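Text of structure03.cif (mmCIF, C-alpha atoms) as supplied:
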```cif
data_run
#
loop_
_atom_site.label_atom_id
_atom_site.label_comp_id
_atom_site.auth_asym_id
_atom_site.auth_seq_id
_atom_site.Cartn_x
_atom_site.Cartn_y
_atom_site.Cartn_z
CA MET F 274 -0.81 -46.89 -48.93
CA LYS F 275 2.40 -48.17 -47.49
CA ARG F 276 2.79 -48.28 -43.73
CA ARG F 277 5.81 -45.91 -43.96
CA ASP F 278 3.76 -43.34 -45.95
CA PHE F 279 0.85 -43.64 -43.57
CA LEU F 280 3.07 -42.87 -40.60
CA ARG F 281 4.76 -39.96 -42.38
CA HIS F 282 1.45 -38.38 -43.43
CA SER F 283 -0.03 -38.81 -39.95
CA LEU F 284 3.01 -37.16 -38.39
CA VAL F 285 2.78 -34.16 -40.75
CA PHE F 286 -0.96 -33.85 -40.14
CA VAL F 287 -0.71 -34.06 -36.33
CA SER F 288 2.16 -31.57 -36.10
CA GLY F 289 0.35 -29.22 -38.46
CA ALA F 290 -2.89 -29.46 -36.51
CA SER F 291 -1.15 -28.86 -33.21
CA VAL F 292 0.04 -25.39 -34.28
CA SER F 293 -2.49 -23.05 -32.74
CA LEU F 294 -4.07 -20.35 -34.84
CA ALA F 295 -2.62 -17.74 -32.50
CA ALA F 296 0.91 -18.68 -33.61
CA LEU F 297 0.09 -17.76 -37.19
CA GLU F 298 -1.32 -14.34 -36.31
CA PHE F 299 0.78 -11.29 -37.07
CA VAL F 300 1.47 -9.15 -34.01
CA SER F 301 0.19 -5.64 -34.47
CA VAL F 302 2.37 -3.00 -32.84
CA GLY F 303 -0.64 -0.71 -32.42
CA GLU F 304 -2.54 -3.36 -30.51
CA LEU F 305 0.39 -4.03 -28.22
CA LEU F 306 0.74 -0.33 -27.43
CA ALA F 307 -2.98 -0.03 -26.77
CA ALA F 308 -2.74 -2.90 -24.31
CA ARG F 309 0.02 -1.06 -22.41
CA PRO F 310 -0.84 2.62 -22.41
CA GLU F 311 1.47 5.03 -20.65
CA ALA F 312 -0.60 5.27 -17.47
CA ARG F 313 -2.21 2.82 -15.05
CA TRP F 314 -3.46 4.58 -11.95
CA GLY F 315 -2.91 2.88 -8.62
CA PHE F 316 -3.27 3.85 -4.99
CA LEU F 317 -1.21 3.25 -1.88
CA VAL F 318 -2.68 3.39 1.61
CA ASP F 319 -0.27 3.46 4.55
CA THR F 320 -2.31 2.26 7.53
CA TYR F 321 0.54 3.00 9.95
CA ARG F 322 0.24 6.70 9.15
CA CYS F 323 -3.55 6.97 9.24
CA VAL F 324 -4.83 8.62 12.46
CA GLY F 325 -8.54 8.44 11.64
CA CYS F 326 -9.08 12.21 11.31
CA GLY F 327 -11.49 11.70 8.41
CA PHE F 328 -10.40 14.83 6.52
CA CYS F 329 -10.17 12.61 3.42
CA VAL F 330 -13.85 11.66 3.67
CA LYS F 331 -14.93 15.29 4.09
CA ALA F 332 -12.74 16.44 1.17
CA CYS F 333 -14.03 13.62 -1.07
CA LYS F 334 -17.66 14.45 -0.37
CA ILE F 335 -17.23 18.16 -1.07
CA GLU F 336 -15.04 17.61 -4.14
CA ASN F 337 -17.41 15.12 -5.71
CA ASP F 338 -20.80 16.64 -4.78
CA ILE F 339 -21.88 13.81 -2.47
CA PRO F 340 -24.38 15.19 0.08
CA LEU F 341 -22.46 15.55 3.34
CA GLU F 342 -24.96 14.08 5.76
CA ALA F 343 -26.37 11.41 3.42
CA ASN F 344 -25.41 7.96 4.58
CA VAL F 345 -23.35 7.20 1.46
CA THR F 346 -19.75 8.00 0.67
CA ARG F 347 -17.14 7.22 -1.98
CA THR F 348 -14.45 6.68 0.62
CA TRP F 349 -14.50 5.95 4.32
CA VAL F 350 -12.21 5.06 7.20
CA GLU F 351 -12.66 1.99 9.38
CA ARG F 352 -11.33 1.57 12.91
CA TYR F 353 -10.27 -1.89 14.03
CA LEU F 354 -9.87 -2.79 17.68
CA ILE F 355 -8.23 -6.13 18.36
CA LEU F 356 -8.82 -7.11 21.97
CA LYS F 357 -6.60 -9.26 24.14
CA ASP F 358 -9.30 -11.96 24.31
CA GLY F 359 -9.13 -12.27 20.50
CA ARG F 360 -12.33 -10.38 19.72
CA VAL F 361 -12.22 -7.97 16.77
CA LEU F 362 -14.37 -4.84 16.86
CA ALA F 363 -14.71 -2.55 13.86
CA ASP F 364 -16.65 0.64 13.30
CA SER F 365 -16.92 3.58 10.93
CA PRO F 366 -19.43 6.13 12.29
CA LYS F 367 -20.79 8.12 9.31
CA GLY F 368 -17.88 6.70 7.32
CA ALA F 369 -15.58 8.79 9.58
CA LEU F 370 -16.84 11.99 7.96
CA HIS F 371 -16.26 13.74 11.31
CA GLY F 372 -13.30 11.55 12.24
CA PHE F 373 -12.97 9.32 15.29
CA THR F 374 -13.40 11.35 18.47
CA ASP F 375 -14.81 8.72 20.82
CA GLN F 376 -13.05 5.77 22.41
CA ARG F 377 -16.36 3.86 22.45
CA VAL F 378 -17.07 1.58 19.51
CA ASP F 379 -20.16 2.25 17.38
CA ARG F 380 -22.07 -1.06 17.26
CA ALA F 381 -24.95 0.37 15.16
CA ALA F 382 -28.28 -0.97 16.50
CA GLU F 383 -26.64 -2.28 19.68
CA GLY F 384 -25.47 1.22 20.64
CA PHE F 385 -21.97 2.16 21.77
CA GLU F 386 -19.68 -0.37 23.38
CA GLU F 387 -17.29 0.69 26.10
CA VAL F 388 -13.86 -0.86 25.73
CA SER F 389 -11.38 -0.44 28.56
CA ASN F 390 -7.85 0.58 27.59
CA GLN F 391 -6.38 -2.52 29.22
CA GLU F 392 -8.39 -4.82 26.93
CA ILE F 393 -6.96 -3.40 23.70
CA ALA F 394 -4.12 -5.37 22.13
CA SER F 395 -3.92 -3.19 19.04
CA ALA F 396 -6.07 -0.65 17.26
CA PHE F 397 -5.62 1.05 13.93
CA PHE F 398 -7.45 2.79 11.08
CA VAL F 399 -7.96 1.52 7.54
CA PRO F 400 -9.10 3.92 4.79
CA LYS F 401 -11.21 2.31 2.08
CA LEU F 402 -12.02 3.42 -1.44
CA CYS F 403 -12.71 1.88 -4.85
CA ASN F 404 -9.98 -0.65 -5.71
CA GLN F 405 -10.20 0.14 -9.46
CA CYS F 406 -9.82 -3.62 -10.07
CA ASP F 407 -8.16 -4.97 -13.19
CA ASN F 408 -11.01 -7.49 -13.41
CA PRO F 409 -13.90 -5.38 -12.12
CA PRO F 410 -16.96 -7.57 -11.40
CA CYS F 411 -19.15 -4.45 -11.19
CA VAL F 412 -18.43 -3.72 -14.86
CA GLN F 413 -19.15 -7.29 -15.98
CA VAL F 414 -22.67 -7.23 -14.56
CA CYS F 415 -23.81 -3.90 -16.04
CA PRO F 416 -26.61 -4.74 -18.48
CA VAL F 417 -26.49 -1.46 -20.44
CA GLY F 418 -22.78 -0.57 -20.75
CA ALA F 419 -23.02 2.36 -18.33
CA THR F 420 -19.95 1.42 -16.32
CA TYR F 421 -16.58 0.68 -17.86
CA GLN F 422 -12.85 0.72 -17.41
CA THR F 423 -10.77 3.44 -19.04
CA ALA F 424 -7.48 2.66 -20.81
CA ASP F 425 -5.61 3.97 -17.75
CA GLY F 426 -7.41 1.59 -15.44
CA VAL F 427 -10.09 3.67 -13.72
CA VAL F 428 -13.63 2.30 -13.50
CA LEU F 429 -16.18 5.04 -14.21
CA VAL F 430 -19.98 5.25 -14.27
CA ASP F 431 -21.73 7.04 -17.13
CA HIS F 432 -24.40 8.92 -15.18
CA LYS F 433 -26.37 9.67 -18.35
CA TRP F 434 -26.43 6.03 -19.42
CA CYS F 435 -27.01 4.31 -16.04
CA ILE F 436 -30.55 3.03 -15.52
CA GLY F 437 -30.10 2.61 -11.76
CA CYS F 438 -30.76 -1.14 -11.67
CA GLY F 439 -28.23 -1.66 -8.87
CA TYR F 440 -26.57 -4.86 -10.17
CA CYS F 441 -23.12 -3.26 -9.89
CA ILE F 442 -23.80 -2.21 -6.30
CA MET F 443 -24.50 -5.87 -5.48
CA GLY F 444 -21.62 -7.08 -7.68
CA CYS F 445 -18.84 -5.17 -5.92
CA PRO F 446 -17.23 -7.42 -3.27
CA TYR F 447 -15.83 -4.35 -1.50
CA GLY F 448 -19.12 -2.48 -1.12
CA VAL F 449 -17.71 0.71 -2.61
CA ARG F 450 -20.66 1.42 -4.90
CA PHE F 451 -23.84 3.13 -3.79
CA PHE F 452 -26.99 4.71 -5.16
CA HIS F 453 -26.47 8.45 -5.55
CA PRO F 454 -29.25 10.14 -3.55
CA VAL F 455 -29.47 13.17 -5.86
CA GLU F 456 -28.59 11.83 -9.31
CA HIS F 457 -30.46 8.54 -8.79
CA VAL F 458 -27.79 6.47 -10.50
CA ALA F 459 -24.97 4.20 -9.31
CA ASP F 460 -21.94 6.11 -8.08
CA LYS F 461 -18.44 5.27 -6.91
CA CYS F 462 -14.93 6.61 -6.36
CA THR F 463 -13.31 7.78 -9.61
CA PHE F 464 -9.79 8.30 -8.15
CA CYS F 465 -10.83 11.95 -8.78
CA TYR F 466 -10.42 11.32 -12.50
CA HIS F 467 -10.89 15.04 -13.23
CA ARG F 468 -7.95 15.83 -10.91
CA ILE F 469 -5.46 13.08 -11.74
CA SER F 470 -5.92 13.72 -15.49
CA GLN F 471 -4.72 17.28 -14.87
CA GLY F 472 -1.73 16.13 -12.81
CA LEU F 473 -3.35 16.96 -9.46
CA ASP F 474 -3.61 14.66 -6.44
CA THR F 475 -6.95 13.08 -5.57
CA ALA F 476 -8.96 15.21 -3.13
CA CYS F 477 -8.51 12.62 -0.35
CA ALA F 478 -4.74 12.34 -0.88
CA GLN F 479 -4.39 16.12 -0.92
CA ALA F 480 -6.42 16.49 2.30
CA CYS F 481 -4.41 13.85 4.20
CA PRO F 482 -1.95 15.66 6.51
CA PHE F 483 0.03 12.46 7.16
CA GLY F 484 0.59 11.12 3.65
CA ALA F 485 -1.41 7.99 4.39
CA ARG F 486 -3.12 8.10 0.99
CA ARG F 487 -1.20 8.47 -2.25
CA VAL F 488 -2.12 8.04 -5.90
CA GLY F 489 0.39 7.20 -8.59
CA ASN F 490 1.04 5.86 -12.07
CA LEU F 491 2.05 2.20 -11.78
CA ARG F 492 3.50 2.18 -15.34
CA ASP F 493 6.10 4.81 -14.46
CA PRO F 494 9.12 3.13 -12.83
CA ASP F 495 10.19 6.47 -11.29
CA ASP F 496 6.81 7.05 -9.65
CA PRO F 497 7.17 7.00 -5.83
CA ILE F 498 4.16 4.69 -5.46
CA ALA F 499 5.45 2.26 -8.08
CA ARG F 500 8.82 2.16 -6.32
CA ILE F 501 7.21 1.30 -2.97
CA LEU F 502 5.15 -1.46 -4.60
CA LEU F 503 8.31 -2.91 -6.12
CA THR F 504 10.44 -2.73 -2.98
CA GLN F 505 8.11 -3.19 -0.01
CA ARG F 506 5.60 -5.75 1.18
CA VAL F 507 2.10 -4.58 0.35
CA GLY F 508 -1.28 -6.28 0.55
CA VAL F 509 -4.61 -5.99 -1.23
CA LEU F 510 -8.14 -6.60 0.02
CA LYS F 511 -9.92 -9.88 -0.77
CA ASP F 512 -7.20 -11.17 -3.09
CA GLU F 513 -9.01 -14.53 -3.26
CA PHE F 514 -11.82 -13.01 -5.36
CA GLY F 515 -9.45 -12.64 -8.33
CA THR F 516 -10.51 -9.06 -8.97
CA LYS F 517 -6.89 -7.81 -9.01
CA PRO F 518 -7.38 -4.68 -6.91
CA GLN F 519 -5.09 -1.73 -7.64
CA VAL F 520 -5.34 -0.15 -4.20
CA PHE F 521 -2.41 -1.43 -2.16
CA TYR F 522 -2.08 -1.36 1.60
CA LEU F 523 0.96 -1.09 3.83
CA GLY F 524 0.41 -2.70 7.22
CA LEU F 525 -2.65 -4.74 6.33
CA SER F 526 -3.54 -7.45 8.84
CA LYS F 527 -5.79 -10.50 8.59
CA GLU F 528 -8.56 -8.90 10.64
CA VAL F 529 -9.19 -6.33 7.89
CA ARG F 530 -11.89 -7.43 5.48
CA MET X 20 -58.76 -33.22 -60.12
CA ILE X 21 -55.45 -32.03 -58.68
CA ALA X 22 -55.23 -28.34 -57.73
CA GLU X 23 -52.49 -26.28 -59.30
CA ARG X 24 -49.54 -25.75 -56.89
CA ARG X 25 -48.95 -22.10 -56.08
CA PRO X 26 -45.24 -21.15 -56.07
CA THR X 27 -45.61 -18.26 -53.57
CA LEU X 28 -46.54 -18.23 -49.85
CA LYS X 29 -50.11 -17.46 -48.95
CA ASN X 30 -51.29 -14.07 -47.69
CA HIS X 31 -51.90 -15.28 -44.16
CA VAL X 32 -48.16 -16.01 -43.86
CA TRP X 33 -46.94 -12.84 -45.56
CA ARG X 34 -49.02 -10.36 -43.59
CA PRO X 35 -47.67 -11.12 -40.09
CA LEU X 36 -44.19 -11.48 -41.59
CA PHE X 37 -44.42 -7.92 -42.95
CA VAL X 38 -45.45 -6.71 -39.49
CA VAL X 39 -42.42 -8.42 -37.90
CA ILE X 40 -40.01 -7.11 -40.55
CA GLY X 41 -41.50 -3.63 -40.09
CA LEU X 42 -41.04 -3.84 -36.31
CA VAL X 43 -37.40 -4.93 -36.64
CA ALA X 44 -36.73 -2.10 -39.09
CA LEU X 45 -38.38 0.36 -36.73
CA ILE X 46 -36.29 -0.82 -33.76
CA LEU X 47 -33.07 -0.63 -35.80
CA LEU X 48 -34.01 2.86 -36.95
CA ALA X 49 -34.78 4.00 -33.41
CA ARG X 50 -31.48 2.48 -32.20
CA ALA X 51 -29.53 4.32 -34.91
CA PHE X 52 -30.95 7.61 -33.65
CA TYR X 53 -30.86 6.84 -29.92
CA VAL X 54 -27.46 5.16 -29.46
CA PRO X 55 -24.63 7.71 -29.85
CA ALA X 56 -21.94 7.05 -32.44
CA ASP X 57 -19.19 6.71 -29.81
CA PHE X 58 -20.99 3.89 -28.01
CA GLY X 59 -19.35 0.53 -28.54
CA THR X 60 -16.53 -1.80 -27.57
CA HIS X 61 -13.16 -0.24 -26.76
CA GLU X 62 -9.65 -1.10 -25.46
CA ARG X 63 -10.58 -3.60 -22.76
CA GLY X 64 -13.03 -5.53 -24.91
CA TYR X 65 -16.73 -6.17 -24.60
CA MET X 66 -16.52 -7.28 -20.98
CA TYR X 67 -14.80 -4.22 -19.49
CA SER X 68 -15.12 -1.38 -21.98
CA TYR X 69 -18.52 -1.51 -23.67
CA ASN X 70 -19.44 2.12 -23.22
CA ARG X 71 -19.76 5.67 -24.53
CA THR X 72 -16.27 7.19 -24.91
CA GLY X 73 -17.66 10.72 -24.61
CA ASN X 74 -18.27 10.03 -20.92
CA ILE X 75 -14.51 9.98 -20.24
CA GLU X 76 -14.28 13.63 -21.31
CA GLU X 77 -17.36 14.46 -19.25
CA TRP X 78 -15.62 13.10 -16.15
CA LYS X 79 -12.42 14.97 -16.98
CA ALA X 80 -14.43 18.20 -17.25
CA PHE X 81 -15.83 17.80 -13.71
CA GLU X 82 -15.10 20.90 -11.61
CA ALA X 83 -12.33 20.64 -9.01
CA LYS X 84 -13.21 22.35 -5.72
CA TYR X 85 -10.00 21.90 -3.75
CA ARG X 86 -7.16 24.01 -5.10
CA GLY X 87 -4.32 23.01 -2.78
CA SER X 88 -2.18 25.03 -0.36
CA GLN X 89 0.07 26.19 -3.21
CA TYR X 90 -2.89 28.12 -4.59
CA CYS X 91 -3.47 29.82 -1.20
CA GLN X 92 0.19 30.76 -1.02
CA GLY X 93 -0.21 32.89 -4.15
CA CYS X 94 -1.98 35.65 -2.16
CA HIS X 95 -1.61 34.72 1.52
CA GLU X 96 2.12 34.15 1.68
CA ASP X 97 2.39 35.88 5.08
CA LYS X 98 0.07 33.23 6.56
CA THR X 99 1.53 30.22 4.81
CA SER X 100 5.15 31.08 5.61
CA ALA X 101 4.31 31.65 9.30
CA LEU X 102 2.53 28.31 9.37
CA SER X 103 5.32 26.45 7.64
CA ALA X 104 7.42 26.60 10.83
CA ALA X 105 4.69 25.15 13.04
CA GLN X 106 3.66 21.54 13.71
CA HIS X 107 0.40 22.17 11.85
CA ALA X 108 2.26 22.91 8.61
CA ILE X 109 1.38 19.41 7.40
CA ILE X 110 -2.34 20.25 7.43
CA PRO X 111 -3.53 21.66 4.09
CA CYS X 112 -5.14 25.13 4.43
CA GLU X 113 -8.44 23.96 2.96
CA ASN X 114 -8.97 21.31 5.66
CA CYS X 115 -9.95 24.06 8.13
CA HIS X 116 -10.61 27.06 5.88
CA GLY X 117 -12.86 25.17 3.49
CA ALA X 118 -12.49 24.28 -0.19
CA ALA X 119 -11.40 27.29 -2.26
CA PHE X 120 -13.68 26.70 -5.30
CA GLY X 121 -13.25 29.94 -7.31
CA HIS X 122 -12.05 32.05 -4.37
CA PRO X 123 -11.43 35.06 -4.36
CA ASP X 124 -14.11 35.63 -7.05
CA ASP X 125 -16.64 33.01 -6.05
CA PRO X 126 -16.92 32.69 -3.08
CA GLU X 127 -15.41 35.98 -1.94
CA LYS X 128 -14.98 34.73 1.62
CA LEU X 129 -14.39 31.22 2.89
CA THR X 130 -16.05 29.92 6.04
CA VAL X 131 -13.45 28.76 8.55
CA ASP X 132 -14.37 25.72 10.60
CA ARG X 133 -13.34 26.71 14.16
CA SER X 134 -15.35 23.99 15.85
CA ARG X 135 -14.05 21.94 18.73
CA ASN X 136 -14.86 18.80 16.75
CA LEU X 137 -12.45 19.78 13.99
CA CYS X 138 -9.54 19.71 16.45
CA LEU X 139 -10.82 16.52 18.09
CA ARG X 140 -10.49 14.70 14.75
CA CYS X 141 -6.80 14.35 15.61
CA HIS X 142 -6.52 15.42 19.25
CA ALA X 143 -9.16 13.34 21.02
CA ALA X 144 -7.05 10.84 22.93
CA LEU X 145 -7.78 7.34 21.63
CA VAL X 146 -5.95 4.19 22.63
CA THR X 147 -4.75 3.03 19.22
CA PRO X 148 -1.44 1.20 19.55
CA GLY X 149 -0.48 0.27 16.00
CA SER X 150 -1.43 3.56 14.35
CA GLY X 151 0.07 7.04 14.11
CA ARG X 152 -2.72 8.39 16.30
CA ILE X 153 -0.96 7.65 19.62
CA GLN X 154 1.98 9.87 18.62
CA LEU X 155 -0.30 12.93 18.48
CA PRO X 156 -0.95 14.96 21.63
CA GLY X 157 -4.45 13.99 22.77
CA ILE X 158 -6.94 15.28 25.30
CA ASP X 159 -9.83 13.71 27.15
CA ALA X 160 -12.64 15.57 25.34
CA GLN X 161 -15.14 15.13 28.18
CA ASN X 162 -12.95 16.73 30.85
CA HIS X 163 -10.61 19.12 29.00
CA ASN X 164 -12.48 22.49 29.16
CA PRO X 165 -15.74 21.12 27.73
CA GLY X 166 -18.05 23.59 26.01
CA ILE X 167 -15.47 26.12 24.84
CA GLU X 168 -13.69 26.31 21.51
CA CYS X 169 -10.09 25.16 21.35
CA SER X 170 -9.12 28.35 19.52
CA ASP X 171 -10.07 30.42 22.61
CA CYS X 172 -6.78 29.31 24.17
CA HIS X 173 -4.75 27.62 21.43
CA ASN X 174 -3.60 29.29 18.24
CA PRO X 175 -4.14 26.78 15.42
CA HIS X 176 -1.33 28.32 13.35
CA HIS X 177 1.08 28.20 16.31
CA PRO X 178 -0.15 25.24 18.31
CA ASN X 179 2.84 24.78 20.62
CA LEU X 180 1.92 25.31 24.27
CA ALA X 181 4.56 28.07 24.75
CA GLU X 182 2.57 30.35 22.45
CA MET X 183 -0.80 29.81 24.09
CA GLN X 184 -3.19 32.74 24.07
CA GLY X 185 -5.21 32.21 27.22
#
```

Whole structure, structure tokens version:
Amino acid sequence: MKRRDFLRHSLVFVSGASVSLAALEFVSVGELLAARPEARWGFLVDTYRCVGCGFCVKACKIENDIPLEANVTRTWVERYLILKDGRVLADSPKGALHGFTDQRVDRAAEGFEEVSNQEIASAFFVPKLCNQCDNPPCVQVCPVGATYQTADGVVLVDHKWCIGCGYCIMGCPYGVRFFHPVEHVADKCTFCYHRISQGLDTACAQACPFGARRVGNLRDPDDPIARILLTQRVGVLKDEFGTKPQVFYLGLSKEVR
Amino acid sequence: MIAERRPTLKNHVWRPLFVVIGLVALILLARAFYVPADFGTHERGYMYSYNRTGNIEEWKAFEAKYRGSQYCQGCHEDKTSALSAAQHAIIPCENCHGAAFGHPDDPEKLTVDRSRNLCLRCHAALVTPGSGRIQLPGIDAQNHNPGIECSDCHNPHHPNLAEMQG
């Protein structure tokens, strides 16, 4: 073989081999549409508006058949107190089922801590619920396929299929999953899937007198939530975990975990 | 003398092999009956949507308990229109009157929460600079007429102090 031919053949071979298989695949319109369905549910929490009344927690528990006094809840409200000496105190008595009615901070086993008004630099409330992550770690760890993500982005638990092993409860970095005390399976916030599918608000958003909690379709450019996400500065919880949470917060600060 | 080579495997190999093949067939048969037809991999792939699709419909069929203030307005328009002028108009009816469920058929009557604690959810004075709470009128719950219900003096539908009852 001549040197010129050798070089020419090598060049053809290398350029041919460098074309990835993906480039030769035909794009299926159906697949593309399936990857971008018409709805992707998201949630916006405005922490400036939240007053810690806890009506959302009560409404959620009644709507979703979670025993009221059981120490588990699909959503809860946290109170953060940032003191002038730099200390951060946080509490959520009974998940704020009965709201916040006491200035003292609930320190669990250590009892209640008195905080004088002069010490407080700032204090605010942060509602929490399932983040309906785009990369949900709770779904990855399920050994039986009982928890999954729907095409419109909501992570659900199949109560008939769940074996109650609890991996997902440990896998969630936000601690939103719990063991249902009556059904004896893993349970979590569903964004009130039965309500949003009918065009209703979630029970928590409907119960909020101040509009601190809102649910919306992030794929709809005219949706009020989508517009706020596009035009304002919003934060998510534990971004560094790479879970891509779809619950967005207005007024998030670094003390909130 | 050289023994004749047998072309087939011996019985002691075949017998356990039959047992194993039988077990595998049995498991596959049981799986075919036990695993529903809609169980499998869906839109988000094996990692995020390996599930039973029928469950999505089961969740959609879950019963809604809260019907919204619009639903109340259908029959109680006198109450809702009077409330709409007051500061408490932002509070949904069901927050105090309880979830409607199938009212008026089931339950026929709703239980109203008139407790002091219900009002304190918003009106217990808390020092919370940085939240909407400080903009709400608040009382010191320990010293502001302890032991009696708020509704003895204040009308929850007309909460302004000019229209006080007591």

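For the choices X:Pro148, X:Gly59, X:Gly73, X:Gly121, the atom-to-atom distance to chain F is smallest for X:Pro148 when using all atoms listed in the file.
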
- Picked residues, the PyMOL selection byres ((chain X) within 8 of (chain F)), expected as a PyMOL selection string: chain X and resi 62-63+66-71+74-75+78-85+87+109-111+113-114+118+136-137+139-141+143-152

Write a file of the selected residues as a PDB file, in the coordinates of the input, keeping C-alpha atoms.
```pdb
ATOM      1  CA  GLU X  62      -9.650  -1.100 -25.460  1.00  0.00           C
ATOM      2  CA  ARG X  63     -10.580  -3.600 -22.760  1.00  0.00           C
ATOM      3  CA  MET X  66     -16.520  -7.280 -20.980  1.00  0.00           C
ATOM      4  CA  TYR X  67     -14.800  -4.220 -19.490  1.00  0.00           C
ATOM      5  CA  SER X  68     -15.120  -1.380 -21.980  1.00  0.00           C
ATOM      6  CA  TYR X  69     -18.520  -1.510 -23.670  1.00  0.00           C
ATOM      7  CA  ASN X  70     -19.440   2.120 -23.220  1.00  0.00           C
ATOM      8  CA  ARG X  71     -19.760   5.670 -24.530  1.00  0.00           C
ATOM      9  CA  ASN X  74     -18.270  10.030 -20.920  1.00  0.00           C
ATOM     10  CA  ILE X  75     -14.510   9.980 -20.240  1.00  0.00           C
ATOM     11  CA  TRP X  78     -15.620  13.100 -16.150  1.00  0.00           C
ATOM     12  CA  LYS X  79     -12.420  14.970 -16.980  1.00  0.00           C
ATOM     13  CA  ALA X  80     -14.430  18.200 -17.250  1.00  0.00           C
ATOM     14  CA  PHE X  81     -15.830  17.800 -13.710  1.00  0.00           C
ATOM     15  CA  GLU X  82     -15.100  20.900 -11.610  1.00  0.00           C
ATOM     16  CA  ALA X  83     -12.330  20.640  -9.010  1.00  0.00           C
ATOM     17  CA  LYS X  84     -13.210  22.350  -5.720  1.00  0.00           C
ATOM     18  CA  TYR X  85     -10.000  21.900  -3.750  1.00  0.00           C
ATOM     19  CA  GLY X  87      -4.320  23.010  -2.780  1.00  0.00           C
ATOM     20  CA  ILE X 109       1.380  19.410   7.400  1.00  0.00           C
ATOM     21  CA  ILE X 110      -2.340  20.250   7.430  1.00  0.00           C
ATOM     22  CA  PRO X 111      -3.530  21.660   4.090  1.00  0.00           C
ATOM     23  CA  GLU X 113      -8.440  23.960   2.960  1.00  0.00           C
ATOM     24  CA  ASN X 114      -8.970  21.310   5.660  1.00  0.00           C
ATOM     25  CA  ALA X 118     -12.490  24.280  -0.190  1.00  0.00           C
ATOM     26  CA  ASN X 136     -14.860  18.800  16.750  1.00  0.00           C
ATOM     27  CA  LEU X 137     -12.450  19.780  13.990  1.00  0.00           C
ATOM     28  CA  LEU X 139     -10.820  16.520  18.090  1.00  0.00           C
ATOM     29  CA  ARG X 140     -10.490  14.700  14.750  1.00  0.00           C
ATOM     30  CA  CYS X 141      -6.800  14.350  15.610  1.00  0.00           C
ATOM     31  CA  ALA X 143      -9.160  13.340  21.020  1.00  0.00           C
ATOM     32  CA  ALA X 144      -7.050  10.840  22.930  1.00  0.00           C
ATOM     33  CA  LEU X 145      -7.780   7.340  21.630  1.00  0.00           C
ATOM     34  CA  VAL X 146      -5.950   4.190  22.630  1.00  0.00           C
ATOM     35  CA  THR X 147      -4.750   3.030  19.220  1.00  0.00           C
ATOM     36  CA  PRO X 148      -1.440   1.200  19.550  1.00  0.00           C
ATOM     37  CA  GLY X 149      -0.480   0.270  16.000  1.00  0.00           C
ATOM     38  CA  SER X 150      -1.430   3.560  14.350  1.00  0.00           C
ATOM     39  CA  GLY X 151       0.070   7.040  14.110  1.00  0.00           C
ATOM     40  CA  ARG X 152      -2.720   8.390  16.300  1.00  0.00           C
TER      41      ARG X 152
END
```

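Taking CA of Cys112 in chain X as the reference point, CA of Gly93 in chain X is found at 12.6 Å.
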
- Between CA of Ser88 in chain X and CA of Cys138 in chain X, distance in Å (one decimal): 19.1 Å

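Here CA of His116 in chain X stands at a distance of 6.2 Å from CA of Asp132 in chain X.
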
Need the shell around Val488 in chain F: protein/DNA/RNA residues with any atom at most 9 Å away, counting all atoms listed in the file. Skip same-chain ones fewer than 4 positions apart. Format as a PDB file with C-alpha atoms, in the frame of the given file?
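So the final result, stored in selection.pdb, reads:
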```pdb
ATOM      1  CA  TRP F 314      -3.460   4.580 -11.950  1.00  0.00           C
ATOM      2  CA  GLY F 315      -2.910   2.880  -8.620  1.00  0.00           C
ATOM      3  CA  PHE F 316      -3.270   3.850  -4.990  1.00  0.00           C
ATOM      4  CA  LEU F 317      -1.210   3.250  -1.880  1.00  0.00           C
ATOM      5  CA  VAL F 318      -2.680   3.390   1.610  1.00  0.00           C
ATOM      6  CA  PHE F 464      -9.790   8.300  -8.150  1.00  0.00           C
ATOM      7  CA  ILE F 469      -5.460  13.080 -11.740  1.00  0.00           C
ATOM      8  CA  ASP F 474      -3.610  14.660  -6.440  1.00  0.00           C
ATOM      9  CA  THR F 475      -6.950  13.080  -5.570  1.00  0.00           C
ATOM     10  CA  ALA F 478      -4.740  12.340  -0.880  1.00  0.00           C
ATOM     11  CA  ILE F 498       4.160   4.690  -5.460  1.00  0.00           C
ATOM     12  CA  VAL F 520      -5.340  -0.150  -4.200  1.00  0.00           C
TER      13      VAL F 520
END
```

- Which residue gives the smallest distance to Pro454 in chain F among F:Pro416, F:Gly437, F:Pro518, F:Pro494, with only C-alpha atoms counted? F:Gly437
